[in-house]
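Participant: Below is a structure I'd like to ask you about.
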Amino acid sequence: MEGSGHNNSNAADGQETLVLSSRGSAATDRVINGGGTLEREYAIGCDSPAETLRERMDLCLRYGEVTLGIELKVWRTKKADPLSKGLEQLDGYLARLGQDEGSLVVFDRRDNAPKLEERLKTEIQTTNMGRIITVIRA
């Protein structure tokens, strides 16, 4: 569907990424047309080039004085809930950005996942370093 986000599976490496059409979504269009930016796989200042390859936040949205760090995780069948790993990663990314708040989106792709209506929720979590994270489960 033009103008909407959708998931795209890459069979070669088993990774799933969020793909936005070339037109983007209505929300991202407003940010970008208003002078903001949305960057994917945002490299955050690291100590070494090798670390830079591993340390990339999934999305970084900048609009005026607002910077929003967003980490995306997929919960797969026979795997642990990625919540704690995602919170830990995002905590570090936000520290490097000098931000106290961010968002973590967890896509539940398990075979036995509840219906979307039942699992779709938002909650607030506090990281070990005291950052406030909005967790969106989908």
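So you can find residues: chains in the structure tokens are A, B, ... in the order shown, residues in each start at 1, and ligands are numbered from 1 in order.
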Tell me, as a compact mmCIF listing (two decimals) with C-alpha atoms, in the first residue's frame, which residues lie within 7 Å of segment 104-116 of chain A, counting only C-alpha atoms; anything in the same chain fewer than 4 positions away does not count.

Facilitator:
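Printed below is selection16.txt as written:
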# COMPACT_ATOMS: atom_id res chain seq x y z
CA ILE A 70 13.73 4.59 18.56
CA GLU A 71 14.85 0.96 18.84
CA LEU A 72 12.94 -1.82 17.06
CA LYS A 73 12.95 -5.45 18.24
CA VAL A 74 11.25 -8.59 16.94
CA TRP A 75 10.11 -11.30 19.38
CA ARG A 76 10.39 -14.61 17.50
CA THR A 77 9.20 -18.12 18.28
CA GLY A 86 16.18 -3.49 23.87
CA LEU A 120 -1.12 -4.09 21.27
CA ILE A 133 11.28 4.59 27.68
CA THR A 134 7.90 4.31 25.99
CA VAL A 135 7.54 0.62 25.11
CA ILE A 136 5.10 -0.18 22.31
CA ARG A 137 4.15 -3.83 21.87
CA ALA A 138 2.65 -4.85 18.55

Participant: Env of Gly98 of chain A: 12 Å cut, atoms = only C-alpha atoms, seq-sep filter 6 positions within chain, self excluded. Answer as a list in words.

Facilitator: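 In the requested format, the answer is Ile44, Gly45, Val66, Thr67, Leu68, Gly69, Leu90, Asp91, Gly92 and Arg131 of chain A.
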
Participant: For each of A:Tyr42, A:Ala80, A:Leu87, A:Gly35, take the minimum atom-to-atom distance to Tyr63 of chain A, counting only C-alpha atoms, then give the residue where this is smallest.

Facilitator: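 For Tyr63 of chain A, the nearest of the candidates is A:Gly35.
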
Participant: Counting only C-alpha atoms, which residue out of A:Asp81, A:Glu88, A:Met129, A:Tyr93 sits closest to Glu41 of chain A?

Facilitator: A:Tyr93

Participant: For atom CA of Arg96 of chain A and atom CA of Lys121 of chain A, determine how far apart the two atoms are, in Å to one decimal place.

Facilitator: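 Separation between atom CA of Arg96 of chain A and atom CA of Lys121 of chain A: 27.9 Å.
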
Participant: Which is closest to Glu65 of chain A among A:Ser103, A:Glu118, A:Thr37, A:Gln125, if we use only C-alpha atoms?

Facilitator: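 Closest to Glu65 of chain A of all the choices is A:Thr37.
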
Participant: Using Å and a single decimal, report how far atom CA of Thr126 of chain A sits from atom CA of Leu94 of chain A.

Facilitator: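 Between atom CA of Leu94 of chain A and atom CA of Thr126 of chain A the gap is 12.6 Å.
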
Participant: For each of A:Gly34, A:Pro82, A:Leu61, A:Glu117, take the minimum atom-to-atom distance to Gly102 of chain A, counting only C-alpha atoms, then give the residue where this is smallest.

Facilitator: A:Leu61

Participant: So, with only C-alpha atoms as the atoms that count, which of A:Asn33, A:Gln89, A:Thr122, A:Thr127 lies closest to Glu101 of chain A?

Facilitator: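 Smallest separation from Glu101 of chain A among the options: A:Thr127.
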
Participant: Any chance you could list, as a PyMOL selection string, the residues in segment 29-124 of chain A that come up strand (DSSP E or B) when DSSP is run on the backbone?

Facilitator: chain A and resi 37-43+56-63+66-75+101-108+121-124
